[in-house]
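Enquirer: Got a structure for you, written out below as structure tokens; questions coming shortly.
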Amino acid sequence: MGGSRAQVNKSHKTRFASKSSRNIHKTSLKDKHQTAKSDRNFVKGARAARISRNNMIRDQKRTAALNEKRALSGSTSPPRVIVLFGLSAHVDLNSVERDLLALISPQYSNEVFPTVVSSEYKMRATVLKAPHGDLSSCMDMAKIADLVAFVASASFPCEDGSSDYIDSFGAQCLSVFKAIGLPSTAVLIRDLPIDLKGRNESKKICSSSLTSEFPDHCKLYPADTKDDLHKFLYLFKDQKLKSPHWRNQRAYVASQKLELLDHDSVSDKCTLCVTGYIRARNLSVNQLVHVSGAGDFQLCKIDILRDPYALNPRKGQDSMDADDVLDLKVISSLVPDILKQEPLHVENVPDPLAGEQTWPTEAEMAEAEENQKNKKLKKRRLPPGTSEYQAAWILDGSDEDDVGSGDESNDGMVLDELETDVCSGEVSKNFDFDEDQGSVDLGESDGGTETDSVMMDGDMTKEQIEDDIKRLKEAHAEDEEYPDEVDTPIDVPARKRFAKYRGLKSFRTSSWDPKESLPPEYARIFTFDNFARTRKHVTAKALEQDRESSDDTVSPGTYARLYIKEVPKTVASTLCLRAKIMPIITCGLLQHESKMSVLHFSIKKHDSYQEPIKGKEELIFHVGFRQFVARPVYSSDSINSDKHKMERFLHAGRFSVASIYAPISFPPSCLVAMKIAGDVGSPVLAAVGSLLSVDPDRIMLKKIILTGYPQRVSKVRATVRYMFHNPEDVKWFKPVEVWTKCGRRGRITEPVGTHGAMKCHLNGVLQQNDTLCMSLFKRAYPKWPEHKFPLSNVI
């Protein structure tokens, strides 16, 4: 069947189609590549950027590590400081020093702090001996040490220390070194047996005893023979040295020579010359420096000297003799710029007229009148049936005093009406008393209480009252949970004795203005709007100065002479005497670090100090390289509150916060507090810690608790005596909430009699043997030090 109605199927495309027409619907490889090229390029570009960034960071770290290694062990680096510390008094450090110096350089001079140069080991080293028994000298040497070599004697075990080979002083120094930050450490074992078997066994016993006392990376070396010391030095010269983080923030100089110049007999001041190597950072001639124990000063000149202990001397140049070392050649000199030199500001100059009251302006007076007109009149609650004539005799404060915090609005009115009816003998039958309001017997007992109190107190003398209070306190002496209890004086009114104290509804949430009623010392200190931002800015500025070498800075590793001006003659003479025993440390100060402020330290009493440390006692604070005298006040660290409770003593076994007036320092900084034992005794270790912040607005509150004892008790109402001794004091402290040691809380309703007894209303039944307490607070401040630095009275 055909025709137009016949089915016609579509012919196959590929039968007569060409190759190009068959693939025309497909995307060509070229077009496909062009379409996906952008996405692939995006992925490829991100991956390439990530790889490039990682390579750049790796190269930067590698370059920084290489520069650090060259700075510490290269020819331009300062000599490494090796401090020999004997773990016990039986260790002979002199023999260890001779063996080390002879091995490094056979020809070494007999100087106080010998510096030797070794072409064999390609290193320079200064060997110091820590005097056993002098904690201050040992601590100062540990601050500048690149390596602390602890020396133990295997043949002299100790019995009074923490280990068999460490005595009590060695253990104390070791704990102090850990507190200030240990640099690289090593342990040298001396006095081992000669025979091989006994030597190995003794070394094993000594190592097992000492391993737990030192860090994990600390290695132990036998140090009896020349080969043993050679192995130690060979490993030491290639060792990457570690140092505390706080030490790398400031440039410092450990003196190799100290002398006085330009003594002025009129001002009794002189110029102190400190010669040594610049370490850690660039030192600018315009910045301030701190001489450890003496104070902060300005520089008048820096001489860059020829290095007397060059590792690679020039060819044809002979080694320098001792006379050449004393007469060093000056290469160049740096003089401070008056415009750029940082001024020596220690205290702020207070303006006595800054807080002077001025006469109010017309606008302020108009505003005050407007506020007075718009002020709402306070409603007065009066007993029902009171006429206007009777209301005129009722004081405004009488109704407020009867109403305590937390009571209902009509409680005071009902109680007043009840007492009036009871006194007149007409008790209304329509009153429906709650449990908190008492009963008719309560009113009768209160009336009897008032009469008994007046009669009893009127017949007692002052001695009888003191004996009675003493008897009651002895009866409550078993309860030692409240150490803040104080006695209210009998001769002085409590409102005058405790005029600076106030009550707080809640210690955590109640507000306290940090700028209110500040002491005069706060006019002499400096403060920051934002301490964290200032610290970041100062640190960045120091890093920028370190990276950019300018004409007024001296780079690390340079042998230089610092001219420190206006040093008191007595202080300079004391420093010259100390320089014969130990190096004098001079460190550069960051911006603002010479100014006085309020510093807060996290501090803990050291285990070796058994005597009590009372608040505001004079202590010597070692903060990094700096030393100053302070009289701290201690407080707890409340995390969830802006107020902190003051502590009268530094308690053992836990950390407290010590607040002092001292020169500003930027954290991180370590702290070692020492206390002078006696008038002429040497300082002893008292506490350790670290710097928290610089904040004059930190609120520390001193808490006292006034106590009273119930005389008459009837359920929730009681008559209490001996908290105060006159009715005016009761009215003065009436708004403050009271509480009991058994957990009751309440308020004072009114005074009773003329000798300080008072009526109290509590939220529960009061027991007869309970004690009524009142908490009062005042803000505490540290004590201004009589002299700021250990070596001088006035600087």
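In the structure tokens, each chain is lettered A, B, ... as it comes, each chain's residues begin at 1, and ligands are numbered from 1 in order of appearance.
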Contacts between range 275-280 of chain A and range 137-176 of chain A, please, where a residue of range 137-176 of chain A counts if it comes within 12 Å (with only C-alpha atoms); show its shortest atom pair and distance in Å to one decimal, rows by chain and ascending number, as JSON lines.
Expert:
```
{"residue": "A:Ile144", "atom": "CA", "partner": "A:Arg279", "partner_atom": "CA", "distance": 9.5}
{"residue": "A:Ala145", "atom": "CA", "partner": "A:Arg279", "partner_atom": "CA", "distance": 11.4}
{"residue": "A:Asp146", "atom": "CA", "partner": "A:Arg279", "partner_atom": "CA", "distance": 11.0}
```
Enquirer: So which residues touch Asp513 in chain A within 12 Å, counting only C-alpha atoms, skipping near sequence neighbours fewer than 5 positions away, as a list of chain:residue names?
Expert: A:Leu518, A:Asp642, A:Lys643, A:Asp697, A:Arg698, A:Ile699, A:Met700, A:Lys778, A:Arg779
Enquirer: Restricting the calculation to only C-alpha atoms: of A:Gly181, A:Pro782, A:Pro350, A:Gly756, which residue gets closest to Lys702 in chain A?
Expert: A:Pro782
Enquirer: Hey, can you check how far CA of His761 in chain A sits from CA of Leu504 in chain A?
Expert: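 Going from CA of His761 in chain A over to CA of Leu504 in chain A covers 18.7 Å.
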Enquirer: Please, what distance in Å, to one decimal, runs between CA of Glu566 in chain A and CA of Ile331 in chain A?
Expert: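 Between CA of Glu566 in chain A and CA of Ile331 in chain A the gap is 25.1 Å.
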Enquirer: Would you work out the distance separating CA of Ser243 in chain A from CA of Val688 in chain A, expressed in Å to one decimal?
Expert: 19.0 Å
Enquirer: Please provide as a PyMOL selection string all residues within 12 Å of Ile490 in chain A, with the sequence filter that same-chain residues fewer than 3 positions apart are discarded (counting only C-alpha atoms).
Expert: chain A and resi 461-466+469+487+493-497+722-726+729+755-756
Enquirer: Which polymer residues have any atom within 8 Å of an atom of range 246-248 of chain A, counting only C-alpha atoms, with same-chain residues fewer than 3 positions away left out, as a PyMOL selection string?
Expert: chain A and resi 143+243+251+280-281+624+667-670
Enquirer: Extract the full set of strand (DSSP E) residues from range 502-730 of chain A according to DSSP on the backbone, and format it as a count of residues only.
Expert: 93
Enquirer: I'd like to know which of A:Glu521, A:Asp695, A:Glu213, A:Glu647 is closest to Pro483 in chain A, using only C-alpha atoms.
Expert: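 With only C-alpha atoms as the atom set, the closest residue is A:Glu647.
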Enquirer: Using only C-alpha atoms, pick whichever of A:Ile660, A:Leu305, A:Val694, A:Ala677 has the shortest atom-to-atom distance to Ala532 in chain A.
Expert: A:Val694
Enquirer: Set the distance at 7 Å and use only C-alpha atoms: which residues neighbour range 733-747 of chain A once local chain neighbours fewer than 6 positions away are removed? I'd like the list as a PyMOL selection string.
Expert: chain A and resi 404+503+760-764+770-774
Enquirer: Export, as a tab-separated table (two decimals), in the first residue's frame, the selected residues with N, CA and C atoms.
Expert:
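Done, and the output landed in out-v6.tsv:
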```
chain	number	residue	atom	x	y	z
A	404	GLY	N	13.62	47.34	104.87
A	404	GLY	CA	14.87	46.72	104.43
A	404	GLY	C	14.77	46.27	103.00
A	503	GLY	N	29.80	49.29	102.29
A	503	GLY	CA	29.21	47.98	102.09
A	503	GLY	C	28.89	47.73	100.63
A	760	CYS	N	17.67	43.67	114.90
A	760	CYS	CA	17.94	43.13	113.55
A	760	CYS	C	16.79	42.24	113.14
A	761	HIS	N	16.49	42.26	111.85
A	761	HIS	CA	15.44	41.45	111.25
A	761	HIS	C	16.11	40.53	110.23
A	762	LEU	N	15.98	39.21	110.40
A	762	LEU	CA	16.67	38.23	109.56
A	762	LEU	C	15.67	37.45	108.73
A	763	ASN	N	16.18	36.71	107.76
A	763	ASN	CA	15.33	35.93	106.88
A	763	ASN	C	15.09	34.52	107.39
A	764	GLY	N	15.47	34.23	108.59
A	764	GLY	CA	15.25	32.92	109.18
A	764	GLY	C	15.43	32.98	110.68
A	770	ASP	N	24.79	31.84	117.47
A	770	ASP	CA	25.26	32.34	116.18
A	770	ASP	C	25.92	33.71	116.37
A	771	THR	N	26.65	34.15	115.33
A	771	THR	CA	27.35	35.44	115.36
A	771	THR	C	26.87	36.28	114.19
A	772	LEU	N	26.50	37.51	114.47
A	772	LEU	CA	26.06	38.43	113.42
A	772	LEU	C	27.28	39.17	112.87
A	773	CYS	N	27.37	39.28	111.55
A	773	CYS	CA	28.54	39.86	110.88
A	773	CYS	C	28.09	40.93	109.89
A	774	MET	N	28.99	41.88	109.67
A	774	MET	CA	28.79	42.93	108.66
A	774	MET	C	30.09	43.08	107.87
```
Enquirer: Would you please give, as a list in words, all residues of range 474-564 of chain A that DSSP assigns to alpha helix (DSSP H) based on the backbone?
Expert: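 Put together, the selection reads Glu474, Ala475, Ala494, Arg495, Lys496, Arg497, Phe531, Ala532, Arg533, Thr534, Arg535, Lys536, His537, Val538, Thr539, Ala540, Lys541, Ala542, Leu543, Glu544, Gln545, Asp546 and Arg547 of chain A.
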Enquirer: What would the file look like if the residues just selected were written as a PDB file, in the first residue's frame with C-alpha atoms?
Expert:
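Now in selection-v7.pdb:
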```pdb
ATOM      1  CA  GLU A 474      37.049  32.957 123.210  1.00  0.00           C
ATOM      2  CA  ALA A 475      33.792  31.068 123.097  1.00  0.00           C
ATOM      3  CA  ALA A 494      33.012  53.354 114.236  1.00  0.00           C
ATOM      4  CA  ARG A 495      31.768  55.861 111.673  1.00  0.00           C
ATOM      5  CA  LYS A 496      35.125  57.662 111.995  1.00  0.00           C
ATOM      6  CA  ARG A 497      37.358  54.617 112.396  1.00  0.00           C
ATOM      7  CA  PHE A 531      48.257  48.936  77.292  1.00  0.00           C
ATOM      8  CA  ALA A 532      48.051  46.066  74.777  1.00  0.00           C
ATOM      9  CA  ARG A 533      48.110  48.464  71.831  1.00  0.00           C
ATOM     10  CA  THR A 534      51.026  50.436  73.314  1.00  0.00           C
ATOM     11  CA  ARG A 535      52.975  47.257  73.912  1.00  0.00           C
ATOM     12  CA  LYS A 536      52.397  46.140  70.320  1.00  0.00           C
ATOM     13  CA  HIS A 537      53.497  49.519  68.983  1.00  0.00           C
ATOM     14  CA  VAL A 538      56.653  49.637  71.129  1.00  0.00           C
ATOM     15  CA  THR A 539      57.629  46.074  70.208  1.00  0.00           C
ATOM     16  CA  ALA A 540      57.130  46.753  66.491  1.00  0.00           C
ATOM     17  CA  LYS A 541      59.217  49.907  66.765  1.00  0.00           C
ATOM     18  CA  ALA A 542      62.038  47.955  68.428  1.00  0.00           C
ATOM     19  CA  LEU A 543      61.925  45.305  65.697  1.00  0.00           C
ATOM     20  CA  GLU A 544      62.076  47.981  63.017  1.00  0.00           C
ATOM     21  CA  GLN A 545      65.091  49.542  64.716  1.00  0.00           C
ATOM     22  CA  ASP A 546      66.729  46.146  64.867  1.00  0.00           C
ATOM     23  CA  ARG A 547      66.227  45.463  61.169  1.00  0.00           C
TER      24      ARG A 547
END
```
Enquirer: Between A:Ile304, A:Met758, A:Leu706, A:Leu233, which is the closest to Glu120 in chain A once you count only C-alpha atoms?
Expert: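 Among the listed residues, the smallest separation from Glu120 in chain A belongs to A:Leu233.
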Enquirer: Report as a ChimeraX atom specification all protein, DNA and RNA residues lying within 12 Å of Leu174 in chain A, evaluated on only C-alpha atoms, omitting residues in the same chain fewer than 2 positions from it.
Expert: /A:85-88,135,138-139,142,148-150,161-163,166-172,176-182,185,210,213-215
